[in-house]
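*Asks:* Compact mmCIF, C-alpha atoms, saved as protein_33.txt, coming up:
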# COMPACT_ATOMS: atom_id res chain seq x y z
CA MET A 730 21.04 10.32 -17.55
CA SER A 731 20.15 10.81 -13.85
CA VAL A 732 17.44 8.14 -14.16
CA ASP A 733 20.01 5.63 -15.43
CA LYS A 734 22.36 6.65 -12.63
CA SER A 735 19.59 6.12 -10.03
CA ASN A 736 18.99 2.62 -11.36
CA GLN A 737 22.71 1.84 -11.23
CA ILE A 738 22.99 3.02 -7.62
CA LEU A 739 19.86 1.13 -6.57
CA LYS A 740 21.19 -2.07 -8.15
CA ARG A 741 24.45 -1.66 -6.23
CA LEU A 742 22.54 -1.19 -2.98
CA GLU A 743 20.60 -4.41 -3.59
CA LEU A 744 23.89 -6.31 -3.43
CA LEU A 745 24.88 -5.10 0.05
CA HIS A 746 22.97 -7.85 1.85
CA PRO A 747 22.41 -11.46 0.74
CA LYS A 748 18.79 -11.41 1.93
CA LYS A 749 16.22 -9.09 0.39
CA ILE A 750 14.39 -8.92 3.74
CA ASP A 751 16.10 -9.42 7.12
CA LEU A 752 14.09 -7.71 9.83
CA SER A 753 16.36 -5.89 12.26
CA LEU A 754 17.05 -2.32 13.40
CA PHE A 755 20.75 -2.81 14.24
CA ARG A 756 22.21 -2.25 10.76
CA LEU A 757 20.11 0.83 10.07
CA ASN A 758 20.76 2.41 13.47
CA LYS A 759 24.48 1.93 12.86
CA LEU A 760 24.28 3.73 9.50
CA LEU A 761 22.03 6.49 10.82
CA LYS A 762 24.55 7.23 13.56
CA LYS A 763 27.24 7.71 10.91
CA LEU A 764 24.86 10.07 9.07
CA GLY A 765 24.25 12.20 12.18
CA ASN A 766 20.96 10.56 13.21
CA PRO A 767 18.68 12.40 10.74
CA HIS A 768 15.69 10.35 11.98
CA LEU A 769 15.87 12.27 15.26
CA ASN A 770 15.51 15.63 13.49
CA LEU A 771 12.18 15.30 11.72
CA ALA A 772 8.89 17.17 11.53
CA PRO A 773 5.98 15.56 13.45
CA VAL A 774 5.41 12.00 12.21
CA ILE A 775 2.24 10.01 11.58
CA HIS A 776 3.34 6.36 11.48
CA ILE A 777 1.07 3.90 9.64
CA ALA A 778 1.12 0.11 9.87
CA GLY A 779 -1.30 -2.68 8.96
CA THR A 780 -1.91 -5.30 6.30
CA ASN A 781 -4.50 -3.62 4.09
CA GLY A 782 -5.34 0.01 3.39
CA LYS A 783 -2.21 1.67 4.78
CA GLY A 784 -1.26 3.08 1.37
CA SER A 785 -4.78 4.37 0.80
CA VAL A 786 -5.02 5.90 4.29
CA THR A 787 -1.67 7.58 3.66
CA SER A 788 -2.94 9.00 0.37
CA TYR A 789 -6.09 10.40 2.02
CA LEU A 790 -4.02 12.02 4.76
CA ARG A 791 -1.62 13.51 2.24
CA SER A 792 -4.47 14.90 0.13
CA ILE A 793 -6.18 16.47 3.16
CA PHE A 794 -2.96 18.05 4.46
CA GLU A 795 -2.19 19.35 0.97
CA ALA A 796 -5.68 20.84 0.73
CA ALA A 797 -4.86 22.69 3.97
CA ASN A 798 -1.68 24.07 2.32
CA LEU A 799 0.61 22.21 4.69
CA ARG A 800 4.06 21.00 3.72
CA VAL A 801 3.94 17.19 3.62
CA HIS A 802 6.76 14.65 3.28
CA THR A 803 5.69 11.08 2.54
CA TYR A 804 7.46 7.73 2.59
CA THR A 805 5.65 4.72 1.08
CA SER A 806 6.51 1.36 -0.49
CA PRO A 807 6.71 -0.43 -2.79
CA HIS A 808 6.83 1.80 -5.84
CA LEU A 809 4.79 0.95 -8.92
CA ILE A 810 6.83 2.34 -11.82
CA LYS A 811 9.90 4.14 -10.48
CA PHE A 812 11.64 4.34 -7.11
CA ASN A 813 11.05 8.10 -6.75
CA GLU A 814 7.40 7.35 -5.88
CA ARG A 815 8.54 6.17 -2.45
CA ILE A 816 9.86 9.55 -1.33
CA ARG A 817 7.82 12.73 -1.65
CA ILE A 818 9.27 16.04 -0.49
CA ASN A 819 6.67 18.72 0.05
CA SER A 820 4.25 16.47 -1.88
CA ASN A 821 6.50 16.20 -4.95
CA LEU A 822 8.29 13.05 -6.08
CA ILE A 823 11.95 13.32 -5.17
CA GLU A 824 14.03 14.53 -8.12
CA ASN A 825 16.54 12.12 -9.64
CA LYS A 826 19.60 14.29 -9.06
CA TYR A 827 18.78 14.83 -5.39
CA LEU A 828 17.90 11.16 -4.92
CA ASN A 829 21.23 10.12 -6.45
CA SER A 830 23.20 12.37 -4.10
CA LEU A 831 21.37 11.00 -1.05
CA LEU A 832 21.80 7.37 -2.09
CA GLU A 833 25.51 7.89 -2.78
CA GLU A 834 25.98 9.63 0.56
CA CYS A 835 24.36 6.69 2.36
CA GLU A 836 26.34 4.22 0.29
CA LYS A 837 29.64 5.96 1.14
CA LYS A 838 28.88 6.18 4.88
CA ASN A 839 27.78 2.55 4.96
CA ASN A 840 31.18 1.58 3.52
CA SER A 841 30.06 -1.78 2.08
CA GLU A 842 28.69 -3.02 5.42
CA PRO A 843 25.80 -5.52 5.17
CA ILE A 844 22.46 -3.69 5.01
CA THR A 845 19.20 -4.45 3.21
CA PHE A 846 17.93 -2.41 0.29
CA PHE A 847 14.93 -1.17 2.26
CA GLU A 848 17.08 -0.14 5.21
CA ILE A 849 19.56 1.96 3.25
CA THR A 850 16.86 3.57 1.10
CA THR A 851 14.90 4.37 4.28
CA ALA A 852 18.04 6.09 5.57
CA SER A 853 18.06 8.15 2.37
CA ALA A 854 14.46 9.17 3.00
CA PHE A 855 15.26 10.26 6.57
CA LEU A 856 18.18 12.33 5.25
CA ALA A 857 15.89 14.06 2.74
CA PHE A 858 13.20 14.71 5.35
CA SER A 859 15.67 16.10 7.90
CA ARG A 860 17.09 18.58 5.37
CA ASN A 861 13.78 19.91 4.04
CA LYS A 862 11.29 21.68 6.30
CA ALA A 863 7.80 20.22 6.58
CA ASP A 864 4.72 20.52 8.76
CA ILE A 865 4.02 16.79 8.80
CA ILE A 866 5.64 13.50 7.75
CA LEU A 867 3.59 10.47 6.70
CA LEU A 868 5.62 7.33 7.31
CA GLU A 869 4.28 4.00 6.04
CA THR A 870 5.86 0.78 7.29
CA GLY A 871 7.29 -1.51 4.65
CA LEU A 872 6.68 -4.86 6.34
CA GLY A 873 5.53 -5.56 9.88
CA GLY A 874 6.28 -2.83 12.37
CA ARG A 875 8.41 -3.82 15.36
CA PHE A 876 11.56 -4.44 13.30
CA ASP A 877 10.53 -2.44 10.24
CA ALA A 878 13.17 0.05 9.15
CA THR A 879 10.77 2.96 9.64
CA ASN A 880 10.47 2.08 13.34
CA VAL A 881 13.81 3.61 14.30
CA ILE A 882 11.95 6.87 15.00
CA LYS A 883 11.59 7.61 18.72
CA LYS A 884 8.31 9.53 18.87
CA THR A 885 5.19 10.10 16.81
CA LEU A 886 2.35 12.55 16.56
CA CYS A 887 0.03 9.63 15.90
CA ASN A 888 0.21 5.88 15.21
CA VAL A 889 -2.33 4.36 12.80
CA ILE A 890 -3.16 0.65 12.64
CA THR A 891 -5.13 -0.29 9.52
CA PRO A 892 -6.87 -3.71 9.14
CA ILE A 893 -4.54 -6.60 9.98
CA SER A 894 -4.82 -10.00 8.31
CA MET A 895 -2.63 -12.94 7.30
CA ASP A 896 0.23 -11.83 5.07
CA HIS A 897 4.04 -12.14 4.93
CA MET A 898 3.78 -15.19 7.21
CA ASN A 899 7.36 -16.24 6.34
CA PHE A 900 8.63 -13.05 8.00
CA LEU A 901 6.01 -12.08 10.59
CA GLY A 902 4.75 -15.43 11.86
CA ASN A 903 2.16 -17.99 10.86
CA SER A 904 -0.70 -16.78 13.07
CA ILE A 905 -2.80 -13.63 13.25
CA LYS A 906 -1.63 -13.17 16.86
CA LYS A 907 2.05 -13.13 15.89
CA ILE A 908 1.42 -10.81 12.92
CA THR A 909 -0.60 -8.41 15.08
CA PHE A 910 2.17 -8.34 17.71
CA GLU A 911 4.68 -7.34 15.02
CA LYS A 912 2.42 -4.68 13.47
CA ALA A 913 1.62 -3.20 16.89
CA GLY A 914 5.36 -2.74 17.42
CA ILE A 915 5.15 0.81 16.03
CA ILE A 916 3.12 1.96 19.05
CA LYS A 917 5.19 4.27 21.25
CA LYS A 918 4.71 4.98 24.96
CA LYS A 919 1.97 7.50 25.79
CA SER A 920 1.23 8.03 22.09
CA LEU A 921 -2.03 8.62 20.26
CA VAL A 922 -3.28 5.53 18.41
CA ILE A 923 -6.02 5.31 15.78
CA MET A 924 -7.20 1.76 15.13
CA SER A 925 -9.26 0.80 12.07
CA LYS A 926 -11.80 -2.02 11.88
CA GLN A 927 -10.18 -5.25 13.14
CA LYS A 928 -10.94 -8.86 13.96
CA LYS A 929 -11.71 -9.50 17.65
CA VAL A 930 -8.38 -11.22 18.35
CA VAL A 931 -6.49 -8.32 16.75
CA ARG A 932 -8.36 -5.75 18.84
CA GLU A 933 -7.59 -7.61 22.05
CA ILE A 934 -3.85 -7.79 21.35
CA ILE A 935 -3.61 -4.12 20.36
CA ARG A 936 -5.59 -3.08 23.44
CA LYS A 937 -3.05 -4.91 25.63
CA VAL A 938 -0.19 -3.08 23.90
CA ILE A 939 -2.08 0.21 24.33
CA LYS A 940 -2.59 -0.42 28.06
CA LYS A 941 1.05 -1.42 28.59
CA ASN A 942 2.29 1.72 26.83
CA GLN A 943 -0.27 4.05 28.47
CA CYS A 944 -1.51 5.25 25.09
CA HIS A 945 -4.64 7.12 24.10
CA LEU A 946 -6.70 4.90 21.78
CA LEU A 947 -9.43 5.97 19.38
CA GLU A 948 -11.00 2.81 18.06
CA GLU A 949 -13.31 2.17 15.09
CA SER A 950 -16.84 1.19 16.21
CA ILE A 951 -16.27 2.77 19.64
CA GLU A 952 -14.94 6.34 19.35
CA TRP A 953 -15.70 6.57 15.64
CA LYS A 954 -17.59 4.66 12.97
CA ILE A 955 -19.33 4.99 9.62
CA LYS A 956 -22.97 5.53 10.52
CA LYS A 957 -24.49 5.59 7.04
CA ILE A 958 -23.43 5.40 3.40
CA LYS A 959 -25.50 7.37 0.90
CA LYS A 960 -25.27 7.52 -2.88
CA ASN A 961 -22.75 10.38 -2.94
CA SER A 962 -21.68 10.76 0.68
CA PHE A 963 -21.24 9.03 4.02
CA ILE A 964 -21.96 9.94 7.62
CA LEU A 965 -19.06 9.57 10.06
CA LYS A 966 -19.77 9.58 13.77
CA TYR A 967 -16.66 10.80 15.57
CA LEU A 968 -16.98 10.88 19.36
CA ASP A 969 -20.46 12.38 19.86
CA CYS A 970 -20.79 14.30 16.59
CA ASN A 971 -21.99 13.32 13.12
CA TYR A 972 -20.16 14.60 10.03
CA GLU A 973 -21.04 14.18 6.37
CA PHE A 974 -18.29 13.77 3.79
CA PRO A 975 -18.31 13.04 0.03
CA ASN A 976 -17.65 9.49 -1.10
CA PRO A 977 -14.07 9.24 -2.38
CA LEU A 978 -13.27 8.75 -6.06
CA LEU A 979 -11.39 5.55 -5.17
CA ALA A 980 -13.79 2.69 -5.85
CA GLY A 981 -15.15 0.22 -3.30
CA LYS A 982 -16.79 0.46 0.13
CA HIS A 983 -13.45 -0.32 1.76
CA GLN A 984 -12.20 3.04 0.47
CA ILE A 985 -14.91 4.75 2.50
CA ASP A 986 -13.53 2.83 5.50
CA ASN A 987 -10.02 4.07 4.65
CA ALA A 988 -11.26 7.65 4.24
CA ALA A 989 -13.02 7.42 7.61
CA THR A 990 -9.77 6.25 9.24
CA ALA A 991 -7.87 9.21 7.75
CA ILE A 992 -10.55 11.70 8.84
CA SER A 993 -10.49 10.27 12.38
CA VAL A 994 -6.70 10.77 12.43
CA ILE A 995 -7.11 14.39 11.33
CA LYS A 996 -9.76 15.10 13.95
CA SER A 997 -7.78 13.42 16.72
CA ILE A 998 -4.64 15.53 16.26
CA LYS A 999 -5.12 18.61 18.39
CA LYS A 1000 -1.96 20.39 17.23
CA ILE A 1001 -3.26 20.68 13.66
CA VAL A 1002 -6.83 21.90 13.20
CA ILE A 1003 -8.34 21.46 9.74
CA ASP A 1004 -11.78 22.72 8.74
CA ASP A 1005 -14.35 20.18 7.50
CA GLU A 1006 -14.56 21.91 4.11
CA ILE A 1007 -10.84 21.38 3.66
CA ILE A 1008 -11.21 17.72 4.66
CA LYS A 1009 -13.98 17.34 2.06
CA LYS A 1010 -11.76 18.86 -0.60
CA GLY A 1011 -8.96 16.47 0.32
CA ILE A 1012 -11.23 13.42 0.13
CA GLU A 1013 -12.58 14.50 -3.26
CA ASN A 1014 -9.12 15.05 -4.74
CA VAL A 1015 -7.38 11.87 -3.61
CA PHE A 1016 -5.94 9.49 -6.21
CA TRP A 1017 -3.98 6.33 -5.48
CA PRO A 1018 -2.98 4.18 -8.48
CA ALA A 1019 -3.66 0.42 -8.62
CA ARG A 1020 -6.34 0.54 -5.94
CA MET A 1021 -9.36 -0.58 -7.94
CA GLN A 1022 -8.27 1.85 -10.62
CA LYS A 1023 -10.29 2.03 -13.81
CA ILE A 1024 -8.04 2.37 -16.85
CA ASN A 1025 -9.94 4.70 -19.15
CA SER A 1026 -7.15 5.58 -21.57
CA GLY A 1027 -3.65 4.56 -22.55
CA LYS A 1028 -2.00 1.83 -24.59
CA LEU A 1029 -3.94 -1.08 -23.08
CA LYS A 1030 -7.31 0.54 -23.67
CA LYS A 1031 -6.36 1.17 -27.30
CA ARG A 1032 -5.17 -2.41 -27.68
CA CYS A 1033 -8.50 -4.02 -26.76
CA HIS A 1034 -12.04 -3.48 -27.99
CA GLU A 1035 -13.81 -0.30 -26.89
CA ASN A 1036 -16.50 -2.41 -25.22
CA PHE A 1037 -14.13 -3.59 -22.48
CA ASP A 1038 -13.73 -2.01 -19.05
CA ILE A 1039 -10.29 -2.56 -17.52
CA TRP A 1040 -9.81 -2.46 -13.73
CA LEU A 1041 -6.50 -2.72 -11.89
CA ASP A 1042 -5.90 -3.57 -8.22
CA GLY A 1043 -2.74 -4.48 -6.31
CA GLY A 1044 -4.57 -6.67 -3.76
CA HIS A 1045 -2.64 -9.84 -2.92
CA ASN A 1046 -4.05 -11.43 0.26
CA GLU A 1047 -7.34 -12.94 1.43
CA HIS A 1048 -8.61 -9.72 2.99
CA ALA A 1049 -7.99 -7.88 -0.27
CA ALA A 1050 -9.73 -10.71 -2.17
CA THR A 1051 -12.80 -10.24 0.04
CA MET A 1052 -12.85 -6.50 -0.74
CA ILE A 1053 -12.48 -7.20 -4.46
CA SER A 1054 -15.27 -9.78 -4.35
CA LYS A 1055 -17.65 -7.26 -2.80
CA PHE A 1056 -16.78 -4.72 -5.49
CA ILE A 1057 -17.27 -7.02 -8.50
CA LYS A 1058 -20.24 -9.06 -7.32
CA ASN A 1059 -22.72 -6.85 -9.19
CA TRP A 1060 -20.88 -6.93 -12.51
CA SER A 1061 -23.57 -7.95 -14.97
CA ASP A 1062 -21.44 -8.39 -18.10
CA LEU A 1063 -21.61 -11.80 -19.73
CA ASN A 1064 -17.81 -11.91 -20.13
CA LYS A 1065 -15.73 -11.35 -17.00
CA ILE A 1066 -12.00 -11.96 -17.36
CA LEU A 1067 -9.42 -12.14 -14.57
CA ILE A 1068 -5.73 -11.47 -15.27
CA PHE A 1069 -3.66 -12.67 -12.33
CA GLY A 1070 -0.06 -12.95 -11.13
CA MET A 1071 1.44 -13.43 -7.68
CA THR A 1072 4.85 -13.27 -6.02
CA VAL A 1073 6.55 -16.10 -4.12
CA GLY A 1074 5.41 -16.44 -0.51
CA LYS A 1075 1.74 -15.69 -1.27
CA ASN A 1076 -1.17 -18.14 -1.52
CA PRO A 1077 -2.84 -17.86 -4.93
CA THR A 1078 -5.34 -20.66 -4.22
CA SER A 1079 -6.85 -19.04 -1.11
CA PHE A 1080 -6.99 -15.70 -2.93
CA LEU A 1081 -8.61 -17.06 -6.08
CA ARG A 1082 -11.18 -19.13 -4.20
CA LYS A 1083 -12.75 -15.91 -2.92
CA ILE A 1084 -13.20 -14.25 -6.31
CA ILE A 1085 -13.01 -16.81 -9.09
CA ASP A 1086 -16.74 -17.62 -9.18
CA ASN A 1087 -17.29 -14.12 -10.57
CA PHE A 1088 -15.26 -14.89 -13.72
CA ASN A 1089 -15.46 -17.18 -16.72
CA PHE A 1090 -11.90 -16.77 -18.02
CA LEU A 1091 -8.56 -16.66 -16.17
CA ILE A 1092 -5.21 -15.57 -17.58
CA LEU A 1093 -2.04 -16.11 -15.54
CA LEU A 1094 1.03 -13.90 -15.94
CA PRO A 1095 4.68 -13.79 -14.79
CA ILE A 1096 5.95 -10.69 -12.98
CA ASP A 1097 9.06 -8.94 -14.29
CA ASN A 1098 12.09 -8.43 -12.03
CA HIS A 1099 10.55 -10.17 -9.00
CA GLN A 1100 10.35 -13.68 -7.65
CA TYR A 1101 6.97 -14.86 -8.85
CA ILE A 1102 4.97 -18.05 -8.79
CA GLN A 1103 5.17 -19.59 -12.25
CA PRO A 1104 1.84 -19.31 -14.12
CA TYR A 1105 1.83 -23.02 -15.01
CA GLU A 1106 2.42 -23.84 -11.31
CA ILE A 1107 -0.63 -21.78 -10.28
CA LYS A 1108 -2.64 -23.46 -13.02
CA GLU A 1109 -1.68 -26.97 -11.85
CA ASN A 1110 -2.39 -26.15 -8.20
CA ILE A 1111 -5.81 -24.58 -8.73
CA LYS A 1112 -7.40 -26.47 -11.60
CA ASN A 1113 -8.80 -29.20 -9.30
CA LYS A 1114 -9.65 -26.83 -6.45
CA LEU A 1115 -11.72 -24.24 -8.31
CA ARG A 1116 -14.69 -24.39 -10.68
CA LYS A 1117 -13.96 -26.96 -13.35
CA ASN A 1118 -15.61 -25.04 -16.16
CA ILE A 1119 -13.42 -21.94 -16.05
CA ASN A 1120 -10.96 -21.55 -18.93
CA ILE A 1121 -7.35 -20.95 -17.85
CA GLU A 1122 -4.52 -19.69 -20.05
CA CYS A 1123 -0.93 -18.64 -19.39
CA CYS A 1124 0.53 -15.63 -21.22
CA LEU A 1125 3.95 -14.01 -21.35
CA ASN A 1126 2.89 -10.44 -20.57
CA ILE A 1127 -0.06 -8.07 -20.31
CA ASN A 1128 -0.05 -7.23 -24.03
CA ASP A 1129 -0.33 -10.92 -24.94
CA ALA A 1130 -3.14 -11.28 -22.41
CA ILE A 1131 -5.11 -8.38 -23.92
CA ASP A 1132 -4.61 -9.84 -27.40
CA VAL A 1133 -5.98 -13.22 -26.25
CA ILE A 1134 -9.01 -11.52 -24.72
CA SER A 1135 -9.66 -9.43 -27.84
CA LYS A 1136 -9.43 -12.55 -29.98
CA ASN A 1137 -11.97 -14.49 -27.89
CA PHE A 1138 -14.40 -11.79 -26.75
CA SER A 1139 -15.95 -8.63 -28.16
CA SER A 1140 -16.94 -7.04 -24.83
CA GLY A 1141 -16.79 -7.50 -21.08
CA LYS A 1142 -14.96 -6.51 -17.93
CA ILE A 1143 -11.30 -7.21 -17.20
CA LEU A 1144 -9.80 -7.23 -13.70
CA ILE A 1145 -6.03 -7.36 -13.21
CA CYS A 1146 -4.89 -8.19 -9.67
CA GLY A 1147 -2.72 -10.36 -7.40
CA SER A 1148 0.34 -8.17 -6.84
CA LEU A 1149 1.37 -4.52 -6.59
CA TYR A 1150 4.44 -5.47 -8.63
CA LEU A 1151 2.18 -6.82 -11.38
CA ALA A 1152 0.12 -3.62 -11.14
CA GLY A 1153 3.26 -1.55 -11.63
CA GLN A 1154 4.24 -3.66 -14.61
CA VAL A 1155 0.79 -3.10 -16.14
CA LEU A 1156 0.86 0.68 -15.53
CA LYS A 1157 4.30 0.87 -17.14
CA ALA A 1158 3.08 -1.06 -20.19
CA ASP A 1159 0.09 1.27 -20.35
CA GLY A 1160 2.32 4.37 -20.44
CA PHE A 1161 0.87 5.66 -17.16
CA LYS A 1162 2.83 8.34 -15.31
CA ILE A 1163 2.64 8.94 -11.56
CA LYS A 1164 2.98 12.55 -10.48
Translate this file's structure into structure tokens.
*Replies:*
Amino acid sequence: MSVDKSNQILKRLELLHPKKIDLSLFRLNKLLKKLGNPHLNLAPVIHIAGTNGKGSVTSYLRSIFEAANLRVHTYTSPHLIKFNERIRINSNLIENKYLNSLLEECEKKNNSEPITFFEITTASAFLAFSRNKADIILLETGLGGRFDATNVIKKTLCNVITPISMDHMNFLGNSIKKITFEKAGIIKKKSLVIMSKQKKVVREIIRKVIKKNQCHLLEESIEWKIKKIKKNSFILKYLDCNYEFPNPLLAGKHQIDNAATAISVIKSIKKIVIDDEIIKKGIENVFWPARMQKINSGKLKKRCHENFDIWLDGGHNEHAATMISKFIKNWSDLNKILIFGMTVGKNPTSFLRKIIDNFNFLILLPIDNHQYIQPYEIKENIKNKLRKNINIECCLNINDAIDVISKNFSSGKILICGSLYLAGQVLKADGFKIK
């Protein structure tokens, strides 16, 4: 019953503003003032922005803090299966009844004023975090940084900038310089900043922001870097010391980069000291769905032949496509099938160009409850720009896609990617539950 009520409230909140995204802090600040400014009464905050890896870095940080028995609140987006995933209180998904009361409180105080869905739900998260004690809050930006709803906070324990690349150009600008300027907007005066591996132009812009705001910067490849990757571990050089940590369970070299960023954050925060053995435990225990996730059981695995491996990733931009390409380049199976769907505003052609040569069959899917690029439109746009000998089919849903694959092949590897919303749709169809 409370789940249905949550959905009803969330649908009402979606109607409060004609635009799904309208970057501004005015509306949210106005509502937060009516709520008693809960965002000014929070535990120490680690604020995370970037284009790629911010969700993974957040998950590593959460796992390490949990391994140290600290109370951790977390705010992330988007959710994969249900909204509750966005708000964790003391590491647990927010309960439906409590979520409903917070959403209704925000809805009542807002009094039908225009406000975006992300803004009013962010207000609900701040209410929850202000009313429940914690040692640390992990706050992930939704989109951009400067005008992102999470950026109403006034101070941070640490700001983290993960790799920045071209994405959300219709909201953040059509150049890497403009996008970087927006992402760097989370950096507060005299704050601590951890910067992951970046393109040269990105580094230069962030350094200027750092200098202007008199911040303390710890930068990948200068203050810290991955020195060596072994079969089961990696060596991280942080300042003048070398540390060895286990390779994370999350697949792909880029996840070692993300783990290294999280470890550097932990080591840079002087107010919270965590032993290396605890950090190792946190790295080993981390799990983040739809980040090169291998689906070993569930409805989809049962639906196809046993000789298929199914991989799921929410990557949806060129940088993510590059990471995926590196991961799958050594797949030796004769049959390699790509299942793909993408939301409006993305560039499927530039994404597919980077990975399509690894596959011999492509299936295009719609995405439920989101504005998506029609499968037939993707097919028409790419068929003359990619390899001519790849077979392309359009299906109605993931179950139809698996049936088509099972009918045409007896073994192989399947990769599903192109959108976190598609990934959530697939996990839901698979019967997967996020805890």
*Asks:* Determine, counting all atoms listed in the file, which protein, DNA and RNA residues have an atom within 12 Å of an atom of range 1004-1012 of chain A; residues of the same chain fewer than 4 positions away are not included. Present the result as a ChimeraX atom specification.
*Replies:* /A:785-799,962-963,965,971-979,984-985,987-996,1016-1017
*Asks:* For Gly1074 in chain A, work out the shell of residues within 12 Å, counting all atoms listed in the file and skipping chain neighbours fewer than 5 positions away, then give it as JSON, numbers by chain.
*Replies:* {"A": [895, 896, 897, 898, 899, 900, 901, 903, 1045, 1046, 1099, 1100, 1101, 1102, 1148]}
*Asks:* Rank A:Phe1088, A:Trp953, A:Phe1138, A:Phe1161 by their smallest atom-to-atom distance to Lys966 in chain A, using only C-alpha atoms, and report the top residue only.
*Replies:*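 Ranked by minimum distance to Lys966 in chain A, first place goes to A:Trp953.
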*Asks:* Enter the distance from CA of Met1052 in chain A to CA of Phe910 in chain A, in Å, rounded to one decimal.
*Replies:* 23.9 Å
*Asks:* Can you pull out the residues contacting Leu1029 in chain A? Cut-off 9 Å, using all atoms listed in the file, and skip same-chain residues under 3 positions away; I want them as a PyMOL selection string.
*Replies:* chain A and resi 1024+1026+1032-1033+1039+1127-1128+1131+1155+1158-1160
*Asks:* Just the residues within 9 Å of range 778-783 of chain A, please, counting all atoms listed in the file, with nothing from its chain fewer than 3 positions along; format it as number ranges by chain.
*Replies:* A: 786-788, 868-874, 888-896, 909, 912-913, 915, 983-984, 986-987, 1044, 1046, 1048-1049
